[in-house]
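Structure data follow from coords_17.cif (mmCIF, C-alpha atoms):
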```cif
data_query
#
loop_
_atom_site.group_PDB
_atom_site.id
_atom_site.type_symbol
_atom_site.label_atom_id
_atom_site.label_comp_id
_atom_site.auth_asym_id
_atom_site.auth_seq_id
_atom_site.Cartn_x
_atom_site.Cartn_y
_atom_site.Cartn_z
ATOM 1 C CA MET A 1 33.839 -2.800 8.469
ATOM 2 C CA ASN A 2 32.655 0.577 9.728
ATOM 3 C CA THR A 3 31.499 0.102 13.339
ATOM 4 C CA ARG A 4 31.373 3.684 14.629
ATOM 5 C CA ASN A 5 28.053 4.968 15.954
ATOM 6 C CA GLU A 6 27.007 7.263 13.089
ATOM 7 C CA PHE A 7 23.704 8.917 12.204
ATOM 8 C CA ILE A 8 21.929 10.120 9.084
ATOM 9 C CA GLU A 9 20.440 13.545 9.703
ATOM 10 C CA VAL A 10 17.049 14.427 8.252
ATOM 11 C CA ILE A 11 17.257 17.906 6.715
ATOM 12 C CA ALA A 12 13.744 17.855 5.205
ATOM 13 C CA PRO A 13 11.418 14.876 5.789
ATOM 14 C CA GLY A 14 9.043 14.794 2.833
ATOM 15 C CA PRO A 15 5.283 14.450 3.457
ATOM 16 C CA LEU A 16 5.441 10.864 4.773
ATOM 17 C CA THR A 17 8.792 9.123 5.118
ATOM 18 C CA SER A 18 8.954 6.262 7.611
ATOM 19 C CA VAL A 19 11.272 3.483 8.687
ATOM 20 C CA GLN A 20 9.934 0.087 7.560
ATOM 21 C CA ASP A 21 11.058 -3.506 7.143
ATOM 22 C CA ARG A 22 9.124 -6.649 6.166
ATOM 23 C CA GLY A 23 6.625 -6.128 8.954
ATOM 24 C CA ARG A 24 5.616 -7.219 12.433
ATOM 25 C CA HIS A 25 4.307 -10.778 12.263
ATOM 26 C CA GLY A 26 2.653 -12.998 14.850
ATOM 27 C CA TRP A 27 0.881 -10.338 16.912
ATOM 28 C CA ARG A 28 -2.496 -9.887 15.231
ATOM 29 C CA HIS A 29 -4.238 -11.883 17.967
ATOM 30 C CA LEU A 30 -3.319 -8.985 20.274
ATOM 31 C CA GLY A 31 -4.671 -6.353 17.867
ATOM 32 C CA ILE A 32 -1.248 -5.314 16.541
ATOM 33 C CA ALA A 33 -1.038 -4.514 12.833
ATOM 34 C CA ARG A 34 1.543 -5.982 10.485
ATOM 35 C CA SER A 35 2.859 -2.605 9.259
ATOM 36 C CA GLY A 36 6.045 -2.892 7.183
ATOM 37 C CA ALA A 37 6.833 -1.819 3.620
ATOM 38 C CA LEU A 38 3.798 -1.709 1.346
ATOM 39 C CA ASP A 39 5.837 -3.741 -1.148
ATOM 40 C CA PRO A 40 8.030 -6.030 0.992
ATOM 41 C CA ASP A 41 9.579 -7.666 -2.074
ATOM 42 C CA LEU A 42 10.911 -4.358 -3.417
ATOM 43 C CA ALA A 43 12.175 -3.335 0.020
ATOM 44 C CA ALA A 44 14.035 -6.656 0.278
ATOM 45 C CA LEU A 45 15.418 -6.276 -3.251
ATOM 46 C CA ALA A 46 16.689 -2.775 -2.441
ATOM 47 C CA ASN A 47 18.455 -4.264 0.588
ATOM 48 C CA HIS A 48 19.959 -6.974 -1.605
ATOM 49 C CA LEU A 49 21.386 -4.321 -3.953
ATOM 50 C CA VAL A 50 23.436 -2.821 -1.103
ATOM 51 C CA GLY A 51 24.471 -6.083 0.547
ATOM 52 C CA ASN A 52 21.997 -6.027 3.448
ATOM 53 C CA ARG A 53 19.779 -8.773 4.813
ATOM 54 C CA ASP A 54 16.254 -8.893 3.381
ATOM 55 C CA ASP A 55 14.707 -7.660 6.632
ATOM 56 C CA ASP A 56 17.021 -4.738 7.334
ATOM 57 C CA ALA A 57 15.190 -1.457 7.813
ATOM 58 C CA VAL A 58 14.696 0.871 4.849
ATOM 59 C CA LEU A 59 13.008 4.226 4.357
ATOM 60 C CA GLU A 60 9.615 4.228 2.644
ATOM 61 C CA LEU A 61 9.011 7.453 0.668
ATOM 62 C CA SER A 62 5.519 8.674 -0.207
ATOM 63 C CA LEU A 63 4.851 11.277 -2.949
ATOM 64 C CA HIS A 64 8.081 13.199 -2.204
ATOM 65 C CA GLY A 65 11.281 12.056 -0.603
ATOM 66 C CA PRO A 66 13.446 13.533 2.149
ATOM 67 C CA SER A 67 16.747 15.369 2.108
ATOM 68 C CA LEU A 68 19.365 13.514 4.129
ATOM 69 C CA ARG A 69 22.898 14.266 5.265
ATOM 70 C CA LEU A 70 25.143 11.211 4.951
ATOM 71 C CA PRO A 71 27.864 11.149 7.635
ATOM 72 C CA ARG A 72 30.079 8.684 5.787
ATOM 73 C CA PRO A 73 30.610 7.246 2.299
ATOM 74 C CA SER A 74 27.676 4.887 1.776
ATOM 75 C CA ARG A 75 26.159 2.493 -0.732
ATOM 76 C CA ILE A 76 22.470 3.181 -1.415
ATOM 77 C CA ALA A 77 19.749 1.857 -3.704
ATOM 78 C CA LEU A 78 16.294 3.169 -4.630
ATOM 79 C CA LEU A 79 13.481 0.946 -5.864
ATOM 80 C CA GLY A 80 9.814 1.587 -6.560
ATOM 81 C CA ALA A 81 8.229 4.550 -8.308
ATOM 82 C CA SER A 82 10.677 6.937 -9.998
ATOM 83 C CA VAL A 83 12.273 9.480 -7.656
ATOM 84 C CA ASP A 84 14.022 12.717 -8.584
ATOM 85 C CA ALA A 85 17.238 11.888 -6.698
ATOM 86 C CA ARG A 86 20.331 14.093 -6.568
ATOM 87 C CA PHE A 87 23.602 14.174 -4.681
ATOM 88 C CA GLU A 88 25.473 17.491 -4.648
ATOM 89 C CA GLY A 89 24.126 18.243 -8.149
ATOM 90 C CA THR A 90 24.593 14.746 -9.603
ATOM 91 C CA VAL A 91 21.379 13.091 -10.842
ATOM 92 C CA LEU A 92 21.043 9.573 -9.447
ATOM 93 C CA PRO A 93 19.203 6.744 -11.249
ATOM 94 C CA MET A 94 16.931 4.079 -9.769
ATOM 95 C CA ALA A 95 17.275 0.333 -9.219
ATOM 96 C CA ARG A 96 21.039 -0.098 -8.908
ATOM 97 C CA PRO A 97 23.769 0.203 -6.273
ATOM 98 C CA ILE A 98 25.201 3.709 -5.955
ATOM 99 C CA ASP A 99 28.239 4.604 -3.845
ATOM 100 C CA LEU A 100 28.180 8.124 -2.425
ATOM 101 C CA PRO A 101 30.703 10.090 -0.383
ATOM 102 C CA ALA A 102 29.599 11.915 2.744
ATOM 103 C CA GLY A 103 27.271 14.770 1.843
ATOM 104 C CA THR A 104 23.662 15.679 1.108
ATOM 105 C CA LEU A 105 21.266 13.313 -0.651
ATOM 106 C CA LYS A 106 18.124 15.042 -1.934
ATOM 107 C CA LEU A 107 15.142 12.872 -2.844
ATOM 108 C CA GLY A 108 12.420 14.871 -4.581
ATOM 109 C CA GLY A 109 9.125 14.145 -6.290
ATOM 110 C CA VAL A 110 7.910 10.581 -6.859
ATOM 111 C CA ARG A 111 6.608 9.916 -10.383
ATOM 112 C CA ASN A 112 4.698 7.091 -12.067
ATOM 113 C CA GLY A 113 3.505 5.874 -8.703
ATOM 114 C CA VAL A 114 3.360 6.925 -5.080
ATOM 115 C CA ARG A 115 6.077 5.129 -3.114
ATOM 116 C CA ALA A 116 9.735 4.162 -3.270
ATOM 117 C CA TRP A 117 12.159 2.473 -0.875
ATOM 118 C CA LEU A 118 15.660 3.650 0.044
ATOM 119 C CA ALA A 119 18.145 1.090 1.337
ATOM 120 C CA ILE A 120 21.559 1.981 2.709
ATOM 121 C CA ALA A 121 24.370 -0.469 3.426
ATOM 122 C CA GLY A 122 24.210 -1.415 7.087
ATOM 123 C CA GLY A 123 20.531 -0.503 7.376
ATOM 124 C CA PHE A 124 18.902 1.839 9.869
ATOM 125 C CA GLU A 125 19.652 0.574 13.376
ATOM 126 C CA VAL A 126 16.537 1.814 15.158
ATOM 127 C CA ALA A 127 15.478 -0.339 18.098
ATOM 128 C CA PRO A 128 13.215 -3.277 17.155
ATOM 129 C CA VAL A 129 9.794 -3.448 18.814
ATOM 130 C CA LEU A 130 8.062 -6.845 18.939
ATOM 131 C CA GLY A 131 10.599 -8.229 16.515
ATOM 132 C CA SER A 132 10.389 -5.498 13.859
ATOM 133 C CA ARG A 133 11.837 -2.071 13.124
ATOM 134 C CA SER A 134 8.718 -1.063 11.168
ATOM 135 C CA THR A 135 6.823 2.083 12.108
ATOM 136 C CA ASP A 136 3.240 1.486 13.249
ATOM 137 C CA LEU A 137 1.862 4.943 12.464
ATOM 138 C CA ARG A 138 -1.563 4.201 13.944
ATOM 139 C CA GLY A 139 -0.158 2.685 17.134
ATOM 140 C CA GLY A 140 2.630 5.240 17.462
ATOM 141 C CA PHE A 141 5.478 2.797 18.067
ATOM 142 C CA GLY A 142 8.389 1.217 16.230
ATOM 143 C CA GLY A 143 10.599 2.828 13.603
ATOM 144 C CA HIS A 144 11.824 6.234 14.720
ATOM 145 C CA GLN A 145 9.718 7.311 17.718
ATOM 146 C CA GLY A 146 6.629 5.663 16.212
ATOM 147 C CA ARG A 147 6.053 8.391 13.638
ATOM 148 C CA ALA A 148 6.963 9.739 10.227
ATOM 149 C CA LEU A 149 10.325 11.465 9.999
ATOM 150 C CA GLN A 150 10.719 15.118 10.921
ATOM 151 C CA ALA A 151 13.417 17.665 10.191
ATOM 152 C CA GLY A 152 16.283 17.295 12.644
ATOM 153 C CA ASP A 153 15.776 13.569 13.257
ATOM 154 C CA ARG A 154 18.953 11.499 13.474
ATOM 155 C CA LEU A 155 18.772 7.861 12.365
ATOM 156 C CA PRO A 156 21.508 5.473 13.559
ATOM 157 C CA LEU A 157 23.285 3.481 10.865
ATOM 158 C CA GLY A 158 24.370 -0.122 11.119
ATOM 159 C CA SER A 159 27.910 -1.226 10.354
ATOM 160 C CA ALA A 160 28.887 -1.570 6.692
ATOM 161 C CA PRO A 161 32.035 -2.076 4.628
ATOM 162 C CA SER A 162 34.129 1.088 4.461
ATOM 163 C CA LEU A 163 34.205 3.008 1.171
ATOM 164 C CA ARG A 164 36.941 5.373 0.042
ATOM 165 C CA ILE A 165 35.423 7.664 -2.586
ATOM 166 C CA ASP A 166 35.177 11.405 -3.137
ATOM 167 C CA SER A 167 32.500 11.430 -5.870
ATOM 168 C CA PRO A 168 29.415 9.318 -6.723
ATOM 169 C CA ARG A 169 30.080 5.921 -8.256
ATOM 170 C CA ILE A 170 27.014 4.626 -10.138
ATOM 171 C CA ALA A 171 26.597 1.078 -11.443
ATOM 172 C CA ARG A 172 25.993 0.949 -15.204
ATOM 173 C CA TRP A 173 23.485 -1.898 -14.869
ATOM 174 C CA TRP A 174 20.112 -2.002 -13.140
ATOM 175 C CA VAL A 175 17.313 -4.378 -12.191
ATOM 176 C CA ASP A 176 13.750 -4.271 -13.511
ATOM 177 C CA PRO A 177 11.436 -5.955 -10.962
ATOM 178 C CA ASP A 178 8.365 -5.374 -13.165
ATOM 179 C CA PHE A 179 9.777 -6.620 -16.456
ATOM 180 C CA ASP A 180 6.865 -8.969 -17.176
ATOM 181 C CA GLU A 181 4.038 -7.306 -15.250
ATOM 182 C CA ASP A 182 1.306 -5.272 -16.970
ATOM 183 C CA PRO A 183 0.248 -2.442 -14.614
ATOM 184 C CA HIS A 184 -2.998 -1.961 -16.543
ATOM 185 C CA LEU A 185 -4.414 -5.385 -15.703
ATOM 186 C CA PRO A 186 -7.345 -5.480 -13.257
ATOM 187 C CA ILE A 187 -6.728 -6.004 -9.560
ATOM 188 C CA ARG A 188 -7.806 -9.572 -8.791
ATOM 189 C CA TYR A 189 -9.788 -10.474 -5.682
ATOM 190 C CA LEU A 190 -11.373 -13.486 -4.037
ATOM 191 C CA PRO A 191 -15.076 -12.809 -3.262
ATOM 192 C CA ILE A 192 -16.263 -13.829 0.201
ATOM 193 C CA ALA A 193 -19.061 -16.393 0.123
ATOM 194 C CA ASN A 194 -21.811 -14.317 1.717
ATOM 195 C CA PRO A 195 -25.217 -14.525 -0.034
ATOM 196 C CA ALA A 196 -26.237 -11.134 1.361
ATOM 197 C CA LEU A 197 -23.257 -9.502 -0.383
ATOM 198 C CA ALA A 198 -23.069 -11.585 -3.558
ATOM 199 C CA ASP A 199 -24.520 -8.802 -5.735
ATOM 200 C CA SER A 200 -22.143 -6.185 -4.322
ATOM 201 C CA ALA A 201 -19.110 -8.467 -4.651
ATOM 202 C CA ALA A 202 -19.959 -9.102 -8.315
ATOM 203 C CA ALA A 203 -20.719 -5.420 -8.990
ATOM 204 C CA LEU A 204 -17.233 -4.441 -7.767
ATOM 205 C CA ALA A 205 -15.841 -5.804 -11.047
ATOM 206 C CA ARG A 206 -18.454 -4.229 -13.317
ATOM 207 C CA GLN A 207 -17.359 -0.598 -13.052
ATOM 208 C CA PRO A 208 -14.182 1.467 -12.832
ATOM 209 C CA TRP A 209 -13.081 3.063 -9.566
ATOM 210 C CA SER A 210 -10.827 5.973 -8.711
ATOM 211 C CA VAL A 211 -8.513 6.265 -5.727
ATOM 212 C CA ALA A 212 -9.803 8.751 -3.156
ATOM 213 C CA ALA A 213 -7.428 11.406 -1.819
ATOM 214 C CA ALA A 214 -8.187 10.242 1.745
ATOM 215 C CA SER A 215 -6.310 6.963 1.165
ATOM 216 C CA ASN A 216 -3.312 6.121 3.356
ATOM 217 C CA ARG A 217 -1.218 3.193 4.599
ATOM 218 C CA GLN A 218 -4.214 1.837 6.493
ATOM 219 C CA GLY A 219 -6.485 1.587 3.480
ATOM 220 C CA LEU A 220 -7.152 2.599 -0.118
ATOM 221 C CA ARG A 221 -10.543 4.288 -0.396
ATOM 222 C CA LEU A 222 -12.369 3.982 -3.708
ATOM 223 C CA ASP A 223 -14.655 6.523 -5.380
ATOM 224 C CA GLY A 224 -17.334 5.460 -7.851
ATOM 225 C CA ALA A 225 -21.003 4.604 -8.120
ATOM 226 C CA PRO A 226 -21.939 3.235 -4.665
ATOM 227 C CA LEU A 227 -22.431 -0.497 -4.353
ATOM 228 C CA PRO A 228 -25.499 -1.948 -2.628
ATOM 229 C CA ALA A 229 -24.624 -2.008 1.067
ATOM 230 C CA VAL A 230 -26.226 -4.145 3.741
ATOM 231 C CA GLY A 231 -26.394 -3.515 7.448
ATOM 232 C CA GLY A 232 -23.667 -5.151 9.498
ATOM 233 C CA SER A 233 -24.327 -7.773 12.127
ATOM 234 C CA GLY A 234 -22.956 -5.507 14.830
ATOM 235 C CA VAL A 235 -20.132 -8.002 15.422
ATOM 236 C CA SER A 236 -16.614 -7.116 14.321
ATOM 237 C CA GLU A 237 -14.949 -9.646 12.037
ATOM 238 C CA PRO A 238 -11.262 -10.358 11.364
ATOM 239 C CA VAL A 239 -9.640 -8.311 8.619
ATOM 240 C CA ALA A 240 -6.115 -8.206 7.185
ATOM 241 C CA PRO A 241 -4.126 -6.378 4.487
ATOM 242 C CA GLY A 242 -6.057 -7.014 1.275
ATOM 243 C CA THR A 243 -9.540 -7.239 2.823
ATOM 244 C CA ILE A 244 -12.138 -5.278 0.826
ATOM 245 C CA GLN A 245 -14.588 -3.601 3.190
ATOM 246 C CA LEU A 246 -17.935 -2.100 2.216
ATOM 247 C CA PRO A 247 -19.023 0.816 4.431
ATOM 248 C CA ALA A 248 -22.616 2.000 4.583
ATOM 249 C CA ASP A 249 -21.943 4.623 1.873
ATOM 250 C CA GLY A 250 -21.288 1.817 -0.650
ATOM 251 C CA ARG A 251 -17.732 2.931 -1.516
ATOM 252 C CA PRO A 252 -15.228 0.141 -0.847
ATOM 253 C CA ILE A 253 -12.003 0.319 1.157
ATOM 254 C CA VAL A 254 -9.072 -2.004 0.437
ATOM 255 C CA LEU A 255 -7.021 -2.465 3.597
ATOM 256 C CA LEU A 256 -3.230 -2.112 3.398
ATOM 257 C CA ALA A 257 -0.264 -2.830 5.671
ATOM 258 C CA ASP A 258 -1.360 -0.648 8.613
ATOM 259 C CA ALA A 259 -4.831 -2.227 8.641
ATOM 260 C CA GLN A 260 -6.598 -2.867 11.922
ATOM 261 C CA THR A 261 -7.110 -6.513 12.909
ATOM 262 C CA VAL A 262 -10.931 -6.472 13.207
ATOM 263 C CA GLY A 263 -13.611 -4.314 11.608
ATOM 264 C CA GLY A 264 -17.366 -3.841 11.663
ATOM 265 C CA TYR A 265 -17.877 -3.076 7.968
ATOM 266 C CA ALA A 266 -19.173 -5.816 5.688
ATOM 267 C CA ARG A 267 -16.443 -7.726 3.825
ATOM 268 C CA LEU A 268 -16.734 -8.148 0.058
ATOM 269 C CA GLY A 269 -13.605 -10.145 -0.573
ATOM 270 C CA HIS A 270 -9.835 -10.103 -0.456
ATOM 271 C CA VAL A 271 -7.306 -8.738 -2.970
ATOM 272 C CA ILE A 272 -4.878 -11.513 -3.861
ATOM 273 C CA ALA A 273 -1.369 -11.297 -2.413
ATOM 274 C CA ALA A 274 0.284 -11.011 -5.848
ATOM 275 C CA ASP A 275 -1.675 -7.858 -6.728
ATOM 276 C CA LEU A 276 -1.696 -6.079 -3.371
ATOM 277 C CA PRO A 277 1.694 -4.326 -3.907
ATOM 278 C CA ARG A 278 0.283 -2.653 -7.038
ATOM 279 C CA LEU A 279 -2.208 -0.774 -4.871
ATOM 280 C CA ALA A 280 0.705 0.792 -2.972
ATOM 281 C CA GLN A 281 1.571 2.680 -6.178
ATOM 282 C CA ALA A 282 -1.947 3.923 -7.004
ATOM 283 C CA PRO A 283 -1.942 7.740 -6.695
ATOM 284 C CA PRO A 284 -5.003 9.823 -5.801
ATOM 285 C CA HIS A 285 -7.550 9.828 -8.650
ATOM 286 C CA ALA A 286 -5.914 6.847 -10.386
ATOM 287 C CA ARG A 287 -8.400 4.626 -12.211
ATOM 288 C CA LEU A 288 -8.633 0.997 -11.114
ATOM 289 C CA ARG A 289 -10.580 -2.026 -12.249
ATOM 290 C CA PHE A 290 -11.180 -5.216 -10.283
ATOM 291 C CA GLU A 291 -11.658 -8.796 -11.422
ATOM 292 C CA ALA A 292 -12.917 -11.753 -9.391
ATOM 293 C CA CYS A 293 -10.774 -14.888 -9.419
ATOM 294 C CA ASP A 294 -10.608 -18.207 -7.582
ATOM 295 C CA ALA A 295 -8.100 -19.678 -5.130
ATOM 296 C CA PRO A 296 -6.085 -21.681 -7.704
ATOM 297 C CA ALA A 297 -5.599 -18.524 -9.810
ATOM 298 C CA ALA A 298 -4.520 -16.575 -6.715
ATOM 299 C CA ILE A 299 -1.983 -19.261 -5.788
ATOM 300 C CA ALA A 300 -0.633 -19.414 -9.351
ATOM 301 C CA ALA A 301 -0.226 -15.622 -9.464
ATOM 302 C CA LEU A 302 1.655 -15.583 -6.163
ATOM 303 C CA ARG A 303 3.889 -18.435 -7.314
ATOM 304 C CA HIS A 304 4.653 -16.522 -10.514
ATOM 305 C CA ARG A 305 5.570 -13.374 -8.554
ATOM 306 C CA ARG A 306 7.814 -15.311 -6.192
ATOM 307 C CA GLU A 307 9.521 -17.129 -9.046
ATOM 308 C CA ARG A 308 10.157 -13.799 -10.770
ATOM 309 C CA MET A 309 11.762 -12.436 -7.600
ATOM 310 C CA VAL A 310 13.932 -15.539 -7.235
ATOM 311 C CA ARG A 311 15.151 -15.155 -10.824
ATOM 312 C CA LEU A 312 15.968 -11.519 -10.187
ATOM 313 C CA ARG A 313 17.864 -12.315 -7.011
ATOM 314 C CA LEU A 314 19.893 -15.058 -8.710
ATOM 315 C CA ALA A 315 20.811 -12.737 -11.578
ATOM 316 C CA LEU A 316 21.635 -9.983 -9.117
ATOM 317 C CA ALA A 317 23.824 -12.239 -6.990
ATOM 318 C CA SER A 318 25.786 -13.210 -10.079
ATOM 319 C CA ARG A 319 26.190 -9.582 -11.116
ATOM 320 C CA LEU A 320 27.269 -8.425 -7.662
ATOM 321 C CA SER A 321 29.793 -11.255 -7.337
ATOM 322 C CA HIS A 322 31.564 -9.928 -10.453
ATOM 323 C CA THR A 323 31.560 -6.289 -9.377
ATOM 324 C CA ARG A 324 32.970 -6.601 -5.872
#
```
As structure tokens, please, write out the structure in this file.
Amino acid sequence: MNTRNEFIEVIAPGPLTSVQDRGRHGWRHLGIARSGALDPDLAALANHLVGNRDDDAVLELSLHGPSLRLPRPSRIALLGASVDARFEGTVLPMARPIDLPAGTLKLGGVRNGVRAWLAIAGGFEVAPVLGSRSTDLRGGFGGHQGRALQAGDRLPLGSAPSLRIDSPRIARWWVDPDFDEDPHLPIRYLPIANPALADSAAALARQPWSVAAASNRQGLRLDGAPLPAVGGSGVSEPVAPGTIQLPADGRPIVLLADAQTVGGYARLGHVIAADLPRLAQAPPHARLRFEACDAPAAIAALRHRRERMVRLRLALASRLSHTR
């Protein structure tokens, strides 16, 4: 095992690269957001590809990745939207373990989505805050100095098995976490039983929406014909990742991982847990449709997603056991 105190250096950060894990749980009663990877399952799967624990810290890339200097031979994996990844001129594929010697890893534009996750064997050993290494960008804590990465940052690496290689070694197999998922299906949501908002909640599913450029990790803003809005009660209500808020302008907001814990906007409903990761990959101006569903359908969809991930992990464990 490599136990020396070594650091990845950030040469160029990309527009929004942050340290994330599966999130900060159990603190919402104190107003602290969950944060964490916008697709925790893919972040965990990337960790699994390199031999890490599910909750080890990864880098979340948005729109364009960083350039990083690796201080030692390392095993990496990239999952999520396609990334133009290169190491010293060698093009690197997605969704598989890749062994790299020390050198410069360049992660470029993100295609067919918005975000990807980079795992490295040993993980990023930033100090945990409230039980998580995730970056809370709104609160300014966790991750690396509570912010997105900047040029010149140095991220400590955890210990990992030593590699002796002088050129990239790329697995010939890969995983496909979306093998049975249709990205064109509507986003399903559970309407909130509020008679004053029943018309607006139903109208959400009757028209297409586009993703506003002002969207971020806190929430996905939607552009389209405004929905009928009603005045709020003046009392903030609990919200969470997935809550669909309706501001006074009638254009909904779907809250994501960095969502606040209470909000004063009216609540239309809640995007089901199985579909929420799809919103993490919706680029500006993407077209979305929504579809109301009930609790049994939401539970069945989540069970299906979890079963798919279990099957992937079992197949991956078998594959890795034969390649070590």
Next on the checklist: Starting from the PyMOL selection byres ((chain A and resi 137) around 9), expand the selection into actual residues of this file and give them as number ranges by chain.
Outcome noted: A: 18, 35, 135-136, 138-142, 146-148, 217, 258
Next on the checklist: Please enumerate the residues selected by the PyMOL selection byres ((chain A and resi 277-288) around 7) when evaluated against the supplied file, formatted as a list in words.
Outcome noted: Leu38, Asp39, Gly113, Val114, Arg115, Pro186, Pro208, Trp209, Ser210, Val211, Ala212, Ala213, Asp275, Leu276, Arg289 and Phe290 of chain A
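Between atom CA of A:Thr90 and atom CA of A:Phe124 lies a distance of 24.0 Å.
Residue nearest A:Ala81, chosen from A:Leu59, A:Val110, A:Ala44, A:Leu316 and counting only C-alpha atoms: A:Val110.
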Next on the checklist: Quick check on the file I pasted: which residues fall under the PyMOL selection byres ((chain A and resi 29) around 12)? Write them as a list in words.
Outcome noted: His25, Gly26, Trp27, Arg28, Leu30, Gly31, Ile32, Ala33, Arg34, Pro238, Val239, Ala240, Gln260, Thr261 and Val262 of chain A
